[in-house]
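Novice: Here's a structure for you.
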Amino acid sequence: MLAKHADTMTSTSCLICGTHNAPDALLCSECCAPMALVQDAVAQEREPRIVSVIGESNVGKTVYLGFLLDMLAQRAGDFEAVPKGAHSIDLQQTVMSHMARRVFPPKTPMEADQWYWAYYQVRRRAAGSPWADLVMPDMAGESLAAEVAAPQTFRVIRNLLNKSAGMLLLVDAALAANGSTQPDFFGMKMLSYIDSMYAAQRGRRIQTPIAVLLCKADHCPECFDNPRDFVQANLCRSWNLCESRFENVEFFAVSVVGSLGYATSQDEEHVVPVPLHTALQGVLEPFEWIIDQL
Ligand SMILES: Nc1nc2c(ncn2[C@@H]2O[C@H](COP(=O)(O)OP(=O)(O)OP(=O)(O)O)[C@@H](O)[C@H]2O)c(=O)[nH]1
Ligand SMILES: [Mg+2]
Ligand SMILES: [Zn+2]
């Protein structure tokens, strides 16, 4: 993992894109991934696997990942999780401290150098199963949309998705249940982007495990009864694409809030949802499934 420059000065190659960087660089000059990931991976003597959380802006990626990491840190579901590097804790801390004040965390900026990257070592305690080293970046939905619309605009995203061992694709179930076609079309775009990335394997269906998460399911609790039926009925275009091109897809319903209030502030016109209390439903299940597929 450590590489030498021609001038014998030691440089470090980025875990995500492989670019050589100065030994004291904090972020990769090419893709902005934190170089701490490399140092942590060297200490670990294992290359981590990347699990990407993808989906449209405002679908709930940051909220979901923050709660998931916090559950793992609290040993939910018999998982034992060890964060690698203090930077790995920032996302979880941001989400938890906002939710404790009954506000949702802010939207993720488009610039990759502002994203949170969590690097965790995870295993099931009782089963004595081997450790899985996971890198889970929290990307911005708008950057994902820009990359999907014009591939290669955000090279970091292409590199990440190319290297991903598994993906969590979040879709807004509340919008879909209300009859909006937007979540279905975005899901299709995302899936066809992934499909074309694996163009070399044309003819074969894609093996990479993809968990499709129906977010904000508190608005449409019927998702919890049968997420598959919900997707088939409300997101049928994405469902069909999954069937045709992806071998290993599973569907889950997720919600983090028990009840919501709505409020406006004095200086702003628009109404914002206020999470009155958190009630986690279905947060761990998709993660357990992905871990079992890796
Ligand atoms: N009802 C409900 N709303 C949710 C839930 N999770 C998130 N939300 C809403 O979705 C909004 C967006 O959540 P984020 O996690 O910031 O979305 P994101 O996908 O990270 O968006 P970008 O950072 O722009 O890509 C929040 O501000 C909440 O209003 C949920 O479980 N239930
Ligand atoms: Mg976000
Ligand atoms: Zn890089």
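Starting from 1 in every chain, residues are counted up; chains themselves are A, B, ... following the order of the structure tokens, and ligands are numbered from 1 as listed.
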Quick one: which chain A residues come within 8 Å of ligand 3, and what is the nearest atom pair for each with the distance in Å to one decimal, counting only C-alpha atoms and all ligand atoms, rows ordered by chain and ascending number, as a Markdown table?

Specialist:
| residue | atom | partner | partner_atom_place_in_ligand_line | distance |
| --- | --- | --- | --- | --- |
| A:Ser13 | CA | ligand 3 | 1 (Zn) | 7.6 |
| A:Cys14 | CA | ligand 3 | 1 (Zn) | 4.5 |
| A:Leu15 | CA | ligand 3 | 1 (Zn) | 6.5 |
| A:Ile16 | CA | ligand 3 | 1 (Zn) | 5.1 |
| A:Cys17 | CA | ligand 3 | 1 (Zn) | 4.1 |
| A:Gly18 | CA | ligand 3 | 1 (Zn) | 5.9 |
| A:Thr19 | CA | ligand 3 | 1 (Zn) | 5.5 |
| A:Leu27 | CA | ligand 3 | 1 (Zn) | 7.8 |
| A:Cys28 | CA | ligand 3 | 1 (Zn) | 4.6 |
| A:Ser29 | CA | ligand 3 | 1 (Zn) | 6.6 |
| A:Glu30 | CA | ligand 3 | 1 (Zn) | 5.1 |
| A:Cys31 | CA | ligand 3 | 1 (Zn) | 4.1 |
| A:Cys32 | CA | ligand 3 | 1 (Zn) | 5.9 |
| A:Ala33 | CA | ligand 3 | 1 (Zn) | 5.4 |
| A:Val156 | CA | ligand 3 | 1 (Zn) | 7.1 |

Novice: With only C-alpha atoms as the counted atoms, please give the residues lying no more than 8 Å from Val95 (chain A), apart from itself and same-chain residues fewer than 4 positions off, as a PyMOL selection string.

Specialist: chain A and resi 62-63+66-67+91+99+104-105

Novice: Could you pull out the strand (DSSP E or B) residues of region 30-82 of chain A from DSSP and send them as a list in words?

Specialist: Pro34, Arg49, Ile50, Val51, Ser52, Val53, Ile54, Gly55, Phe79, Glu80, Ala81 and Val82 of chain A

Novice: Given the choices A:Ala132, A:Val212, A:Val272, A:Ala127, which gets closest to Gly77 (chain A) if the distance is worked out from only C-alpha atoms?

Specialist: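 Under the stated criterion, the closest residue is A:Ala127.
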
Novice: Hey, which bits of chain A sit within 12 Å of ligand 2, and for each residue what's the closest pair of atoms and how far apart in Å (one decimal), counting only C-alpha atoms and all ligand atoms, rows by chain and increasing number, as JSON lines?

Specialist:
{"residue": "A:Val53", "atom": "CA", "partner": "ligand 2", "partner_atom_place_in_ligand_line": "1 (Mg)", "distance": 9.9}
{"residue": "A:Ile54", "atom": "CA", "partner": "ligand 2", "partner_atom_place_in_ligand_line": "1 (Mg)", "distance": 9.8}
{"residue": "A:Gly55", "atom": "CA", "partner": "ligand 2", "partner_atom_place_in_ligand_line": "1 (Mg)", "distance": 9.6}
{"residue": "A:Glu56", "atom": "CA", "partner": "ligand 2", "partner_atom_place_in_ligand_line": "1 (Mg)", "distance": 9.3}
{"residue": "A:Ser57", "atom": "CA", "partner": "ligand 2", "partner_atom_place_in_ligand_line": "1 (Mg)", "distance": 6.9}
{"residue": "A:Asn58", "atom": "CA", "partner": "ligand 2", "partner_atom_place_in_ligand_line": "1 (Mg)", "distance": 6.9}
{"residue": "A:Val59", "atom": "CA", "partner": "ligand 2", "partner_atom_place_in_ligand_line": "1 (Mg)", "distance": 8.3}
{"residue": "A:Gly60", "atom": "CA", "partner": "ligand 2", "partner_atom_place_in_ligand_line": "1 (Mg)", "distance": 6.7}
{"residue": "A:Lys61", "atom": "CA", "partner": "ligand 2", "partner_atom_place_in_ligand_line": "1 (Mg)", "distance": 5.4}
{"residue": "A:Thr62", "atom": "CA", "partner": "ligand 2", "partner_atom_place_in_ligand_line": "1 (Mg)", "distance": 4.1}
{"residue": "A:Val63", "atom": "CA", "partner": "ligand 2", "partner_atom_place_in_ligand_line": "1 (Mg)", "distance": 7.2}
{"residue": "A:Tyr64", "atom": "CA", "partner": "ligand 2", "partner_atom_place_in_ligand_line": "1 (Mg)", "distance": 9.2}
{"residue": "A:Leu65", "atom": "CA", "partner": "ligand 2", "partner_atom_place_in_ligand_line": "1 (Mg)", "distance": 9.1}
{"residue": "A:Gly66", "atom": "CA", "partner": "ligand 2", "partner_atom_place_in_ligand_line": "1 (Mg)", "distance": 9.9}
{"residue": "A:Leu91", "atom": "CA", "partner": "ligand 2", "partner_atom_place_in_ligand_line": "1 (Mg)", "distance": 10.0}
{"residue": "A:Thr94", "atom": "CA", "partner": "ligand 2", "partner_atom_place_in_ligand_line": "1 (Mg)", "distance": 11.3}
{"residue": "A:Val95", "atom": "CA", "partner": "ligand 2", "partner_atom_place_in_ligand_line": "1 (Mg)", "distance": 10.1}
{"residue": "A:Phe104", "atom": "CA", "partner": "ligand 2", "partner_atom_place_in_ligand_line": "1 (Mg)", "distance": 10.3}
{"residue": "A:Pro105", "atom": "CA", "partner": "ligand 2", "partner_atom_place_in_ligand_line": "1 (Mg)", "distance": 8.0}
{"residue": "A:Pro106", "atom": "CA", "partner": "ligand 2", "partner_atom_place_in_ligand_line": "1 (Mg)", "distance": 7.2}
{"residue": "A:Lys107", "atom": "CA", "partner": "ligand 2", "partner_atom_place_in_ligand_line": "1 (Mg)", "distance": 4.8}
{"residue": "A:Thr108", "atom": "CA", "partner": "ligand 2", "partner_atom_place_in_ligand_line": "1 (Mg)", "distance": 4.0}
{"residue": "A:Pro109", "atom": "CA", "partner": "ligand 2", "partner_atom_place_in_ligand_line": "1 (Mg)", "distance": 7.6}
{"residue": "A:Met110", "atom": "CA", "partner": "ligand 2", "partner_atom_place_in_ligand_line": "1 (Mg)", "distance": 9.4}
{"residue": "A:Glu111", "atom": "CA", "partner": "ligand 2", "partner_atom_place_in_ligand_line": "1 (Mg)", "distance": 11.7}
{"residue": "A:Ala112", "atom": "CA", "partner": "ligand 2", "partner_atom_place_in_ligand_line": "1 (Mg)", "distance": 11.7}
{"residue": "A:Gln114", "atom": "CA", "partner": "ligand 2", "partner_atom_place_in_ligand_line": "1 (Mg)", "distance": 10.7}
{"residue": "A:Trp115", "atom": "CA", "partner": "ligand 2", "partner_atom_place_in_ligand_line": "1 (Mg)", "distance": 8.6}
{"residue": "A:Tyr116", "atom": "CA", "partner": "ligand 2", "partner_atom_place_in_ligand_line": "1 (Mg)", "distance": 9.4}
{"residue": "A:Trp117", "atom": "CA", "partner": "ligand 2", "partner_atom_place_in_ligand_line": "1 (Mg)", "distance": 11.9}
{"residue": "A:Pro137", "atom": "CA", "partner": "ligand 2", "partner_atom_place_in_ligand_line": "1 (Mg)", "distance": 10.3}
{"residue": "A:Asp138", "atom": "CA", "partner": "ligand 2", "partner_atom_place_in_ligand_line": "1 (Mg)", "distance": 6.5}
{"residue": "A:Met139", "atom": "CA", "partner": "ligand 2", "partner_atom_place_in_ligand_line": "1 (Mg)", "distance": 6.5}
{"residue": "A:Ala140", "atom": "CA", "partner": "ligand 2", "partner_atom_place_in_ligand_line": "1 (Mg)", "distance": 5.4}
{"residue": "A:Gly141", "atom": "CA", "partner": "ligand 2", "partner_atom_place_in_ligand_line": "1 (Mg)", "distance": 6.8}
{"residue": "A:Glu142", "atom": "CA", "partner": "ligand 2", "partner_atom_place_in_ligand_line": "1 (Mg)", "distance": 9.4}
{"residue": "A:Ser143", "atom": "CA", "partner": "ligand 2", "partner_atom_place_in_ligand_line": "1 (Mg)", "distance": 10.6}
{"residue": "A:Leu144", "atom": "CA", "partner": "ligand 2", "partner_atom_place_in_ligand_line": "1 (Mg)", "distance": 11.1}
{"residue": "A:Leu170", "atom": "CA", "partner": "ligand 2", "partner_atom_place_in_ligand_line": "1 (Mg)", "distance": 11.6}

Novice: With C-alpha atoms retained, export the selected residues as a tab-separated table (two decimals), in the first residue's frame.

Specialist:
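Heads up, here's the output in result-v2.tsv:
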chain	number	residue	atom	x	y	z
A	53	VAL	CA	-24.79	4.51	0.63
A	54	ILE	CA	-26.40	5.97	-2.47
A	55	GLY	CA	-29.62	7.77	-3.32
A	56	GLU	CA	-31.11	11.10	-4.22
A	57	SER	CA	-30.62	14.29	-2.22
A	58	ASN	CA	-32.97	14.50	0.78
A	59	VAL	CA	-33.74	10.76	0.73
A	60	GLY	CA	-32.17	10.28	4.18
A	61	LYS	CA	-28.62	8.94	3.60
A	62	THR	CA	-26.92	11.01	6.29
A	63	VAL	CA	-29.62	10.31	8.86
A	64	TYR	CA	-29.63	6.59	8.09
A	65	LEU	CA	-25.85	6.16	8.17
A	66	GLY	CA	-25.53	8.19	11.36
A	91	LEU	CA	-20.83	11.55	11.17
A	94	THR	CA	-23.19	15.09	14.09
A	95	VAL	CA	-26.39	13.13	13.48
A	104	PHE	CA	-32.43	16.92	11.28
A	105	PRO	CA	-28.76	17.27	10.29
A	106	PRO	CA	-27.95	19.67	7.44
A	107	LYS	CA	-27.72	18.50	3.86
A	108	THR	CA	-24.36	17.14	2.75
A	109	PRO	CA	-22.31	19.67	0.73
A	110	MET	CA	-21.52	18.77	-2.88
A	111	GLU	CA	-17.75	19.05	-2.41
A	112	ALA	CA	-16.14	15.69	-1.67
A	114	GLN	CA	-16.65	18.02	3.08
A	115	TRP	CA	-17.99	14.46	3.21
A	116	TYR	CA	-17.80	12.22	6.23
A	117	TRP	CA	-16.01	8.92	5.81
A	137	PRO	CA	-18.63	7.39	2.87
A	138	ASP	CA	-21.59	9.74	3.15
A	139	MET	CA	-21.86	11.24	-0.34
A	140	ALA	CA	-24.05	14.16	-1.35
A	141	GLY	CA	-27.14	13.26	-3.36
A	142	GLU	CA	-26.60	16.21	-5.69
A	143	SER	CA	-23.08	15.08	-6.55
A	144	LEU	CA	-24.38	11.58	-7.22
A	170	LEU	CA	-32.03	4.50	-0.57

Novice: Ranking A:Val38, A:Val256, A:Ala145, A:Met96 by minimum distance to ligand 1 and counting only C-alpha atoms and all ligand atoms, which one comes first?

Specialist: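 That would be A:Val256, the residue with the smallest distance to ligand 1.
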
Novice: Contacts of Leu134 (chain A) at 9 Å or less, counting only C-alpha atoms, minus same-chain residues fewer than 4 places along, as a VMD selection string?

Specialist: chain A and resid 48 to 51 118 to 122

Novice: Using only C-alpha atoms, which of A:Gln93, A:Asn240, A:Gln39, A:Asn234 sits nearest Asn178 (chain A)?

Specialist: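 Among the listed residues, A:Asn234 lies closest to Asn178 (chain A).
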
Novice: Looking at only C-alpha atoms, which of A:Leu260, A:Met136, A:Val274, A:Leu168 is the one that sits closest to Ala211 (chain A)?

Specialist: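 Going through A:Leu260, A:Met136, A:Val274, A:Leu168 one by one, the smallest distance to Ala211 (chain A) is for A:Leu168.
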
Novice: Just list as a VMD selection string whatever in region 153-188 of chain A DSSP marks as helix (DSSP H, G or I).

Specialist: chain A and resid 155 to 163 173 to 177 182 to 188

Novice: Counting only C-alpha atoms, what is within 10 Å of Cys220 (chain A), bar same-chain residues fewer than 2 positions away, as a PyMOL selection string?

Specialist: chain A and resi 173-178+214-218+222-224+230+253+255

Novice: Near Arg75 (chain A), counting only C-alpha atoms, which residues have an atom at most 12 Å away, once you skip same-chain residues fewer than 3 positions from it, shown as a short mmCIF file (atom, residue, chain, number, x, y, z; two decimals) with C-alpha atoms, in the first residue's frame?

Specialist:
data_model
loop_
_atom_site.label_atom_id
_atom_site.label_comp_id
_atom_site.auth_asym_id
_atom_site.auth_seq_id
_atom_site.Cartn_x
_atom_site.Cartn_y
_atom_site.Cartn_z
CA LEU A 68 -26.68 2.80 11.76
CA LEU A 69 -23.17 3.60 13.00
CA ASP A 70 -24.53 4.64 16.36
CA MET A 71 -26.44 1.37 16.69
CA LEU A 72 -23.30 -0.58 15.83
CA ASP A 78 -24.79 -8.57 18.70
CA PHE A 79 -22.46 -6.56 16.45
CA GLU A 80 -19.13 -5.39 17.73
CA ALA A 81 -17.85 -2.31 15.92
CA VAL A 82 -14.52 -0.53 16.29
CA VAL A 122 -17.29 -4.95 12.40
CA ARG A 123 -18.11 -8.50 13.44
CA ARG A 124 -20.79 -10.50 15.16
CA ARG A 125 -19.65 -11.20 18.70
CA ALA A 126 -21.36 -14.46 19.57
CA LEU A 284 -29.94 -2.81 11.16
#

Novice: At what distance in Å, to one decimal, does CA of Phe252 (chain A) lie from CA of Trp239 (chain A)?

Specialist: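 According to the coordinates, CA of Trp239 (chain A) and CA of Phe252 (chain A) are separated by 13.3 Å.
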
Novice: My list of candidates is A:Leu241, A:Ala146, A:Ala25, A:Leu235. Which is closest to Ser180 (chain A) when distances are computed with only C-alpha atoms?

Specialist: A:Leu235

Novice: What is the distance, in Å and to one decimal place, between atom 6 (N, counted along the ligand's line) of ligand 1 and CA of Trp289 (chain A)?

Specialist: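 We find that atom 6 (N, counted along the ligand's line) of ligand 1 and CA of Trp289 (chain A) lie 20.4 Å from each other.
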
Novice: So, counting only C-alpha atoms and all ligand atoms, which residue among A:Gln92, A:Ser238, A:Gln293, A:Ser244 is closest to ligand 1?

Specialist: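 Closest candidate: A:Gln92.
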